[in-house]
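Raw contents of structure.tsv, TSV, C-alpha atoms:
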```tsv
chain	number	residue	atom	x	y	z
R	290	MET	CA	14.66	-4.49	-6.12
R	291	TRP	CA	12.68	-1.92	-4.24
R	292	GLY	CA	12.82	1.82	-3.69
R	293	TYR	CA	11.28	3.92	-0.96
R	294	GLU	CA	8.94	6.87	-1.33
R	295	LYS	CA	8.68	9.05	1.74
R	296	ARG	CA	4.91	8.93	2.17
R	297	LEU	CA	2.25	6.42	3.16
R	298	GLU	CA	-0.15	4.82	0.71
R	299	TYR	CA	-2.97	6.54	2.60
R	300	PRO	CA	-2.45	9.43	5.06
R	301	ILE	CA	-2.57	8.70	8.81
R	302	HIS	CA	-2.67	11.37	11.52
R	303	ILE	CA	-4.06	9.94	14.77
R	304	LYS	CA	-4.53	12.72	17.33
R	305	ASN	CA	-5.60	10.67	20.38
R	306	THR	CA	-3.44	7.88	21.75
R	307	ASN	CA	-5.09	4.57	22.67
R	308	PRO	CA	-2.70	1.81	23.81
R	309	SER	CA	-5.49	-0.79	24.16
R	310	LEU	CA	-6.48	-0.35	20.54
R	311	ALA	CA	-2.81	-0.43	19.47
R	312	ALA	CA	-2.46	-3.84	21.17
R	313	MET	CA	-5.26	-5.13	18.91
R	314	ILE	CA	-4.19	-3.41	15.66
R	315	ILE	CA	-0.67	-4.90	16.00
R	316	SER	CA	-2.29	-8.17	14.88
R	317	GLN	CA	-2.43	-6.83	11.33
R	318	TYR	CA	1.35	-6.36	11.49
R	319	GLY	CA	2.42	-9.72	12.90
R	320	GLY	CA	-0.75	-11.77	13.40
R	321	PRO	CA	-1.92	-14.86	11.49
R	322	ASP	CA	-3.60	-12.82	8.73
R	323	GLY	CA	-1.48	-9.70	9.01
R	324	GLU	CA	0.31	-7.66	6.38
R	325	SER	CA	3.79	-9.11	7.10
R	326	GLY	CA	2.49	-12.57	6.28
R	327	ALA	CA	0.68	-11.25	3.21
R	328	SER	CA	3.71	-9.55	1.66
R	329	MET	CA	6.05	-12.48	2.44
R	330	ARG	CA	3.52	-14.99	1.09
R	331	TYR	CA	3.19	-13.31	-2.30
R	332	LEU	CA	6.88	-12.48	-2.61
R	333	SER	CA	7.78	-16.10	-1.87
R	334	GLN	CA	5.27	-17.55	-4.31
R	335	ARG	CA	6.52	-15.51	-7.28
R	336	TYR	CA	9.65	-17.40	-8.24
R	337	SER	CA	8.19	-20.71	-9.34
R	338	MET	CA	5.02	-19.18	-10.82
R	339	PRO	CA	5.28	-19.96	-14.55
R	340	TYR	CA	2.74	-17.40	-15.83
R	341	ARG	CA	4.04	-13.84	-16.19
R	342	LYS	CA	0.69	-12.13	-15.64
R	343	VAL	CA	0.41	-13.94	-12.31
R	344	SER	CA	4.03	-13.52	-11.19
R	345	GLY	CA	3.64	-9.82	-12.06
R	346	LEU	CA	0.43	-9.65	-10.05
R	347	LEU	CA	2.11	-11.36	-7.07
R	348	THR	CA	4.97	-8.84	-7.23
R	349	ASP	CA	2.68	-5.82	-7.36
R	350	ILE	CA	0.27	-6.99	-4.66
R	351	ALA	CA	3.21	-7.97	-2.42
R	352	THR	CA	4.62	-4.47	-2.93
R	353	GLU	CA	1.29	-2.92	-1.94
R	354	GLU	CA	1.24	-5.18	1.15
R	355	LEU	CA	4.59	-3.67	2.17
R	356	ASN	CA	2.84	-0.27	2.08
R	357	HIS	CA	0.11	-1.76	4.25
R	358	LEU	CA	2.46	-3.14	6.87
R	359	GLU	CA	3.97	0.33	7.06
R	360	MET	CA	0.48	1.82	7.54
R	361	VAL	CA	-0.36	-0.64	10.32
R	362	SER	CA	2.96	0.13	12.04
R	363	VAL	CA	2.24	3.86	11.80
R	364	MET	CA	-1.18	3.37	13.41
R	365	VAL	CA	0.35	1.41	16.31
R	366	HIS	CA	3.14	3.97	16.68
R	367	GLN	CA	0.82	6.98	16.72
R	368	LEU	CA	-1.60	5.29	19.13
R	369	THR	CA	1.26	4.66	21.60
R	370	ARG	CA	3.36	7.82	21.36
R	371	ASN	CA	4.17	9.90	24.48
R	372	LEU	CA	2.34	7.56	26.85
R	373	SER	CA	2.54	8.00	30.61
R	374	MET	CA	2.81	4.94	32.87
R	375	GLU	CA	-0.71	5.61	34.10
R	376	GLN	CA	-1.99	5.29	30.52
R	377	ILE	CA	-0.23	1.92	30.14
R	378	LYS	CA	-0.93	0.19	33.46
R	379	GLY	CA	-3.90	-2.15	33.43
R	380	THR	CA	-4.40	-2.02	29.63
R	381	PRO	CA	-3.87	-4.88	27.17
R	382	PHE	CA	-0.78	-2.96	26.03
R	383	GLU	CA	0.97	-3.48	29.38
R	384	ALA	CA	2.39	-6.94	28.58
R	385	TYR	CA	3.63	-5.75	25.16
R	386	TYR	CA	5.26	-2.74	26.83
R	387	VAL	CA	7.31	-5.02	29.11
R	388	ASP	CA	9.05	-6.69	26.14
R	389	HIS	CA	9.06	-3.96	23.49
R	390	THR	CA	8.37	-0.63	25.27
R	391	ALA	CA	6.66	1.41	22.53
R	392	GLY	CA	8.68	-0.13	19.68
R	393	ILE	CA	7.01	-1.97	16.81
R	394	TRP	CA	7.29	-5.77	16.94
R	395	PRO	CA	5.29	-8.32	14.94
R	396	GLN	CA	2.86	-10.25	17.09
R	397	ALA	CA	-0.80	-11.23	17.11
R	398	ALA	CA	-3.41	-9.48	19.26
R	399	GLY	CA	-3.18	-12.47	21.63
R	400	GLY	CA	0.59	-12.01	22.05
R	401	ILE	CA	1.73	-14.86	19.77
R	402	PRO	CA	4.91	-13.89	17.87
R	403	PHE	CA	4.95	-13.72	14.07
R	404	ASN	CA	5.78	-17.09	12.58
R	405	ALA	CA	6.60	-18.06	8.98
R	406	CYS	CA	3.99	-20.82	9.31
R	407	GLU	CA	1.47	-17.99	9.03
R	408	PHE	CA	2.04	-17.81	5.31
R	409	GLN	CA	2.07	-20.54	2.73
R	410	SER	CA	4.07	-21.07	-0.43
R	411	LYS	CA	3.15	-24.48	-1.81
R	412	GLY	CA	4.83	-24.44	-5.22
R	413	ASP	CA	1.56	-25.22	-7.01
R	414	ALA	CA	-0.10	-22.43	-8.99
R	415	ILE	CA	-3.72	-23.38	-8.28
R	416	THR	CA	-3.09	-24.15	-4.60
R	417	ASP	CA	-1.31	-20.84	-4.08
R	418	MET	CA	-4.04	-18.78	-5.77
R	419	PHE	CA	-6.69	-20.34	-3.53
R	420	GLU	CA	-4.43	-19.72	-0.54
R	421	ASP	CA	-4.09	-16.07	-1.54
R	422	MET	CA	-7.81	-15.55	-2.07
R	423	ALA	CA	-8.52	-17.06	1.36
R	424	ALA	CA	-5.77	-14.92	2.91
R	425	GLU	CA	-7.36	-11.74	1.55
R	426	GLN	CA	-10.74	-12.72	2.98
R	427	LYS	CA	-9.21	-13.55	6.38
R	428	ALA	CA	-7.49	-10.17	6.45
R	429	ARG	CA	-10.76	-8.50	5.46
R	430	THR	CA	-12.54	-10.23	8.37
R	431	THR	CA	-9.80	-9.09	10.76
R	432	TYR	CA	-10.24	-5.48	9.58
R	433	ASP	CA	-14.03	-5.88	10.07
R	434	ASN	CA	-13.33	-6.99	13.65
R	435	LEU	CA	-10.95	-4.06	14.29
R	436	ILE	CA	-13.39	-1.54	12.80
R	437	ARG	CA	-16.02	-2.66	15.36
R	438	LEU	CA	-13.58	-1.83	18.18
R	439	THR	CA	-13.26	1.92	17.57
R	440	ASN	CA	-15.22	5.09	16.85
R	441	ASP	CA	-12.14	7.25	16.31
R	442	PRO	CA	-12.36	8.58	12.73
R	443	ASP	CA	-8.56	9.03	12.60
R	444	VAL	CA	-8.23	5.26	13.03
R	445	LEU	CA	-11.38	4.20	11.17
R	446	GLU	CA	-10.48	5.86	7.87
R	447	PRO	CA	-7.17	4.03	7.33
R	448	LEU	CA	-8.73	0.75	8.59
R	449	LYS	CA	-11.57	1.13	6.05
R	450	PHE	CA	-9.07	1.85	3.29
R	451	LEU	CA	-7.08	-1.28	4.16
R	452	ARG	CA	-10.24	-3.39	4.33
R	453	ALA	CA	-11.26	-2.23	0.85
R	454	ARG	CA	-7.86	-3.17	-0.54
R	455	GLU	CA	-8.31	-6.76	0.69
R	456	ILE	CA	-11.45	-7.01	-1.41
R	457	VAL	CA	-9.69	-5.66	-4.52
R	458	HIS	CA	-6.78	-8.07	-4.05
R	459	PHE	CA	-9.24	-10.96	-3.67
R	460	GLN	CA	-10.79	-9.97	-7.01
R	461	ARG	CA	-7.38	-9.75	-8.74
R	462	PHE	CA	-6.24	-13.14	-7.38
R	463	GLY	CA	-9.51	-14.62	-8.65
R	464	GLU	CA	-8.57	-13.32	-12.09
R	465	GLY	CA	-5.09	-14.79	-11.59
R	466	LEU	CA	-6.69	-18.17	-10.92
R	467	SER	CA	-8.72	-17.89	-14.16
R	468	ILE	CA	-5.59	-16.99	-16.12
R	469	ILE	CA	-3.88	-20.13	-14.78
R	470	GLN	CA	-6.85	-22.39	-15.40
R	471	ASN	CA	-7.23	-21.10	-18.96
R	472	GLN	CA	-3.78	-22.52	-19.72
R	473	LEU	CA	-4.58	-25.93	-18.27
R	474	ASP	CA	-6.69	-28.86	-19.43
R	475	ASN	CA	-10.23	-27.74	-18.65
R	476	LYS	CA	-11.32	-31.35	-18.21
R	477	ASN	CA	-8.85	-31.79	-15.38
R	478	PHE	CA	-7.01	-28.76	-13.99
R	479	TYR	CA	-5.20	-31.13	-11.64
R	480	MET	CA	-3.61	-33.33	-14.31
R	481	TYR	CA	-0.21	-31.96	-13.34
R	482	ASN	CA	1.38	-29.15	-11.35
R	483	PRO	CA	2.42	-26.44	-13.87
R	484	GLU	CA	5.09	-25.19	-11.44
R	485	PHE	CA	6.79	-28.58	-11.21
R	486	ASP	CA	5.82	-31.15	-13.84
R	487	LYS	CA	7.61	-29.70	-16.87
R	488	LYS	CA	6.57	-32.55	-19.15
R	489	GLY	CA	2.92	-31.84	-18.79
R	490	CYS	CA	3.20	-28.12	-19.46
R	491	GLN	CA	1.52	-26.77	-22.53
S	251	MET	CA	-14.31	-7.93	-14.84
S	252	ASN	CA	-16.70	-5.10	-15.62
S	253	ASP	CA	-16.71	-4.24	-11.94
S	254	SER	CA	-13.00	-3.61	-11.93
S	255	ARG	CA	-13.26	-1.35	-14.98
S	256	LEU	CA	-15.84	0.69	-13.14
S	257	ILE	CA	-13.57	0.99	-10.12
S	258	TYR	CA	-10.72	2.58	-12.00
S	259	LYS	CA	-12.93	4.72	-14.23
S	260	ASN	CA	-14.71	6.24	-11.28
S	261	MET	CA	-11.49	6.80	-9.45
S	262	GLY	CA	-10.22	9.45	-11.81
S	263	ARG	CA	-13.21	11.62	-11.03
S	264	ASN	CA	-13.80	13.61	-7.89
S	265	MET	CA	-10.15	13.82	-7.14
S	266	GLY	CA	-10.51	17.46	-6.25
S	267	MET	CA	-7.44	18.53	-8.13
S	268	SER	CA	-8.35	22.15	-8.54
S	269	CYS	CA	-4.78	23.42	-8.63
S	270	SER	CA	-2.21	22.49	-11.15
S	271	PRO	CA	1.48	22.91	-10.64
S	272	ASN	CA	3.42	25.33	-12.73
S	273	ASN	CA	6.82	23.83	-13.24
S	274	THR	CA	8.85	26.90	-13.97
S	275	GLY	CA	11.88	25.54	-12.19
S	276	SER	CA	11.58	27.70	-9.11
S	277	ASN	CA	14.40	27.41	-6.64
S	278	SER	CA	14.06	24.99	-3.79
S	279	ASN	CA	13.32	26.38	-0.40
S	280	TYR	CA	12.06	23.60	1.81
S	281	ASN	CA	10.26	24.51	5.01
S	282	ASN	CA	9.35	27.93	3.74
S	283	GLY	CA	5.74	27.04	3.23
S	284	MET	CA	4.59	28.43	-0.06
S	285	ASN	CA	7.11	29.82	-2.41
S	286	ASP	CA	5.25	32.76	-3.74
S	287	ASN	CA	7.34	35.02	-5.87
S	288	LYS	CA	7.38	32.84	-8.97
S	289	MET	CA	3.73	31.81	-9.03
S	290	SER	CA	0.63	33.63	-9.95
S	291	CYS	CA	-2.09	33.57	-7.33
S	292	ASN	CA	-4.13	30.65	-8.62
S	293	MET	CA	-1.03	28.58	-9.21
S	294	LYS	CA	0.13	28.58	-5.66
S	295	ILE	CA	-0.30	25.17	-4.24
S	296	ASP	CA	-0.10	24.68	-0.59
S	297	LYS	CA	2.00	21.77	0.60
S	298	ASN	CA	-0.94	19.76	1.92
S	299	ARG	CA	-2.98	20.19	-1.23
S	300	CYS	CA	-0.05	19.12	-3.35
S	301	MET	CA	0.53	16.03	-1.18
S	302	GLN	CA	-3.19	15.23	-1.34
S	303	ASN	CA	-2.96	15.14	-5.12
S	304	ILE	CA	0.09	12.89	-4.90
S	305	TYR	CA	-1.83	10.53	-2.59
S	306	GLU	CA	-4.83	10.39	-4.89
S	307	LEU	CA	-2.91	10.01	-8.14
S	308	GLY	CA	-0.54	7.50	-6.54
S	309	PHE	CA	-3.49	5.43	-5.41
S	310	ALA	CA	-5.09	5.59	-8.85
S	311	MET	CA	-1.80	4.28	-10.28
S	312	THR	CA	-1.56	1.43	-7.76
S	313	GLU	CA	-5.10	0.36	-8.55
S	314	THR	CA	-4.61	0.55	-12.30
S	315	ILE	CA	-1.34	-1.37	-12.16
S	316	LEU	CA	-3.07	-4.34	-10.49
S	317	PHE	CA	-5.91	-4.17	-13.02
S	318	LEU	CA	-3.46	-4.11	-15.93
S	319	ASP	CA	-1.56	-7.11	-14.56
S	320	THR	CA	-4.60	-9.27	-15.26
S	321	HIS	CA	-5.94	-7.20	-18.24
S	322	PRO	CA	-2.76	-6.21	-20.11
S	323	ASP	CA	-4.63	-5.66	-23.41
S	324	ASP	CA	-7.16	-3.15	-22.02
S	325	ARG	CA	-6.47	0.02	-23.99
S	326	ASP	CA	-8.72	2.25	-21.88
S	327	ALA	CA	-6.85	1.19	-18.77
S	328	MET	CA	-3.51	1.77	-20.50
S	329	ASN	CA	-4.55	5.30	-21.48
S	330	TYR	CA	-5.83	6.00	-17.99
S	331	TYR	CA	-2.56	4.75	-16.52
S	332	THR	CA	-0.46	6.90	-18.85
S	333	GLN	CA	-2.45	10.05	-18.05
S	334	THR	CA	-2.43	9.40	-14.32
S	335	LYS	CA	1.30	8.74	-14.29
S	336	GLU	CA	1.97	11.99	-16.12
S	337	GLN	CA	-0.08	13.97	-13.60
S	338	TYR	CA	1.53	12.13	-10.72
S	339	GLN	CA	5.02	12.91	-11.93
S	340	LYS	CA	4.11	16.57	-12.37
S	341	TYR	CA	2.89	16.94	-8.79
S	342	LYS	CA	5.75	14.87	-7.38
S	343	GLU	CA	8.28	17.04	-9.17
S	344	TYR	CA	6.58	20.20	-7.97
S	345	TYR	CA	6.49	18.92	-4.41
S	346	GLU	CA	10.14	17.89	-4.48
S	347	GLN	CA	11.27	21.23	-5.85
S	348	ASN	CA	9.49	23.10	-3.09
S	349	TYR	CA	9.27	20.87	-0.05
S	350	GLY	CA	12.02	18.27	-0.28
S	351	PRO	CA	12.66	14.90	-1.88
S	352	LEU	CA	10.10	12.08	-1.76
S	353	ASP	CA	12.71	9.56	-2.81
S	354	CYS	CA	16.45	9.72	-2.30
S	355	TYR	CA	17.14	9.80	-6.06
S	356	GLN	CA	15.66	13.29	-6.14
S	357	VAL	CA	18.14	14.89	-3.77
S	358	GLU	CA	19.61	17.73	-5.74
S	359	ASN	CA	23.22	18.72	-5.63
S	360	GLN	CA	23.33	20.90	-2.57
S	361	ASN	CA	25.57	21.21	0.43
S	362	TYR	CA	23.42	18.95	2.55
S	363	TRP	CA	21.83	15.53	2.07
S	364	SER	CA	18.25	16.82	2.24
S	365	TRP	CA	16.80	13.29	2.29
S	366	VAL	CA	17.29	13.26	6.07
S	367	MET	CA	15.98	16.81	6.59
S	368	THR	CA	12.27	16.30	6.03
S	369	PRO	CA	9.99	14.34	8.41
S	370	MET	CA	9.32	10.62	8.04
S	371	PRO	CA	5.72	9.79	7.13
S	372	TRP	CA	4.86	8.45	10.60
S	373	GLU	CA	5.72	11.72	12.32
S	374	MET	CA	2.65	13.80	13.03
S	375	GLU	CA	3.96	16.60	10.80
S	376	GLY	CA	4.96	14.04	8.15
```
Represent the supplied structure as C-alpha cells.
Amino acid sequence: MWGYEKRLEYPIHIKNTNPSLAAMIISQYGGPDGESGASMRYLSQRYSMPYRKVSGLLTDIATEELNHLEMVSVMVHQLTRNLSMEQIKGTPFEAYYVDHTAGIWPQAAGGIPFNACEFQSKGDAITDMFEDMAAEQKARTTYDNLIRLTNDPDVLEPLKFLRAREIVHFQRFGEGLSIIQNQLDNKNFYMYNPEFDKKGCQ
Amino acid sequence: MNDSRLIYKNMGRNMGMSCSPNNTGSNSNYNNGMNDNKMSCNMKIDKNRCMQNIYELGFAMTETILFLDTHPDDRDAMNYYTQTKEQYQKYKEYYEQNYGPLDCYQVENQNYWSWVMTPMPWEMEG
C-alpha cells in the first residue's frame, strides 16, 4: 500500500508560463519513455520476481517514479496556468487544449495517447532487468532532449534532477541484474527462467 | 559499486542545515509564519528553511534506500540511513507542529480536518 506526503520529491516553482514547452514536457508523463510507463513497468514486474533484493528494488524505484510523474505533472500544470487564448493560439499546446483544456492527461509530445504497450513485463528476471536498464537510458535521453529546449532555470533544475535519477536507477538495475545472475548457472544464465521454471531453480 | 558509496557519502555534506528544530511541543498555529514565543532566536526556523531540510534529508533517504536494496549488508550505509531518518523525522515533526500536516496521519485532534487547509505541492505557494 502507499501513503501520500504533501510535498514533491524536488521543489518546483515555475514563474513564467510556456504552453509550447508544456506540450513537450507532457511526454515524460504519458509518452513512450515517460514516468507513468516507468512506475507501471516496475510495479507490474515485482510479483513474479523471485529474488527479494530485486523485488524490493523494483518496489522502491517504482515508488520514486510515482514521485517523478507527479513532478512532471506539476511542471506541465505550472507552465499552463492562467493562460489567455492569445497565449494558446498557434502554439503546439493548441491541439492539446481542445481535448483537455489545461488539465493533465497522459500523452506523448507528438499527441499519441499513453498505451500499456509502452511498458513491458515479460515474466523473466533477466529480460526484465535489461528492459528496465534500457528504459532508464531512454528516459535519460528524453530529458537530455527536453533540457536542450529551454533556458528557464525554473524548468531546467527539476529536469536536471530527474535526468540524474535515471542514471542512478540504471546503476541500481545493473546491480539487480548481477544479483540475479549470481544465483544462476554462470555457464548458462539462460538454462531456465527463474520466474517460471520451478524445477530448475536453485 | 564504489561509485554509489561515494554518492551517498557526499550527499550528507553541504546540506546547509544550519538550524536545528527545538521540539518543545509548541502549540500549532499554521499560517502564522514563525511561532516565536517559545523559541530562542537561533532556534527559529523559517518555514522555507525547514521545508528545504525536509527536501534534502528526504532525498538522502530515497537515495540510500535504493543503495541498501542492492547492498543490504553495508553497515556504513545502514548507519547513514538511520541518522538521516532521525533528522528527517525531527524536521518533519517540527514542520507539522507549526505549519500543518505533511501526511494525513499527522492531523491532530482539532475542530477542523487541517489536511485540506494547507496548499497542495503544485500550488505556487505550496
List every residue of chain S that has an atom at most 6 Å from any atom of chain R, and for each one report the closest atom pair and its distance in Å to one decimal, counting all atoms listed in the file, with rows sorted by chain and then by increasing residue number, as a tab-separated table.
```
residue	atom	partner	partner_atom	distance
S:Asp319	CA	R:Leu346	CA	5.5
S:Leu352	CA	R:Lys295	CA	4.8
S:Asp353	CA	R:Glu294	CA	4.9
S:Pro371	CA	R:Arg296	CA	5.1
S:Trp372	CA	R:Val363	CA	5.4
```
Atom pair CA of Gly319 (chain R) / CA of Ala397 (chain R): separation (Å):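 Computing it gives 5.5 Å between the two atoms.
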Test item: which residues lie within 8 Å of (4.6, -19.4, -11.1) counting only C-alpha atoms, as a list of chain:residue names: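 Returned residue set, sorted by chain then number, is R:Gln334, R:Arg335, R:Tyr336, R:Ser337, R:Met338, R:Pro339, R:Tyr340, R:Arg341, R:Val343, R:Ser344, R:Gly412, R:Asp413, R:Ala414, R:Pro483, R:Glu484.
Of note, CA of Gly350 (chain S) and CA of Asn298 (chain S) are spaced 13.2 Å apart.
You will find CA of Ala311 (chain R) at 20.9 Å from CA of Glu407 (chain R).
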Neighbour list for Phe309 (chain S) as a ChimeraX atom specification, cut-off 12 Å, all atoms listed in the file, skip fewer than 2 positions in-chain: /R:296-300,353,356,450,454 /S:257-258,261-262,265,302-307,311-316,331,334-335,338
Kindly export the residues of the current selection with C-alpha atoms, as a short mmCIF file (atom, residue, chain, number, x, y, z; two decimals), keeping the file's coordinate frame.
```cif
data_model
loop_
_atom_site.label_atom_id
_atom_site.label_comp_id
_atom_site.auth_asym_id
_atom_site.auth_seq_id
_atom_site.Cartn_x
_atom_site.Cartn_y
_atom_site.Cartn_z
CA ARG R 296 4.91 8.93 2.17
CA LEU R 297 2.25 6.42 3.16
CA GLU R 298 -0.15 4.82 0.71
CA TYR R 299 -2.97 6.54 2.60
CA PRO R 300 -2.45 9.43 5.06
CA GLU R 353 1.29 -2.92 -1.94
CA ASN R 356 2.84 -0.27 2.08
CA PHE R 450 -9.07 1.85 3.29
CA ARG R 454 -7.86 -3.17 -0.54
CA ILE S 257 -13.57 0.99 -10.12
CA TYR S 258 -10.72 2.58 -12.00
CA MET S 261 -11.49 6.80 -9.45
CA GLY S 262 -10.22 9.45 -11.81
CA MET S 265 -10.15 13.82 -7.14
CA GLN S 302 -3.19 15.23 -1.34
CA ASN S 303 -2.96 15.14 -5.12
CA ILE S 304 0.09 12.89 -4.90
CA TYR S 305 -1.83 10.53 -2.59
CA GLU S 306 -4.83 10.39 -4.89
CA LEU S 307 -2.91 10.01 -8.14
CA MET S 311 -1.80 4.28 -10.28
CA THR S 312 -1.56 1.43 -7.76
CA GLU S 313 -5.10 0.36 -8.55
CA THR S 314 -4.61 0.55 -12.30
CA ILE S 315 -1.34 -1.37 -12.16
CA LEU S 316 -3.07 -4.34 -10.49
CA TYR S 331 -2.56 4.75 -16.52
CA THR S 334 -2.43 9.40 -14.32
CA LYS S 335 1.30 8.74 -14.29
CA TYR S 338 1.53 12.13 -10.72
#
```
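Distance annotation: of R:Gln472, R:Thr431, R:Thr369, R:Thr416, the residue with the minimal separation from Asp322 (chain R) is R:Thr431; atom set is all atoms listed in the file.
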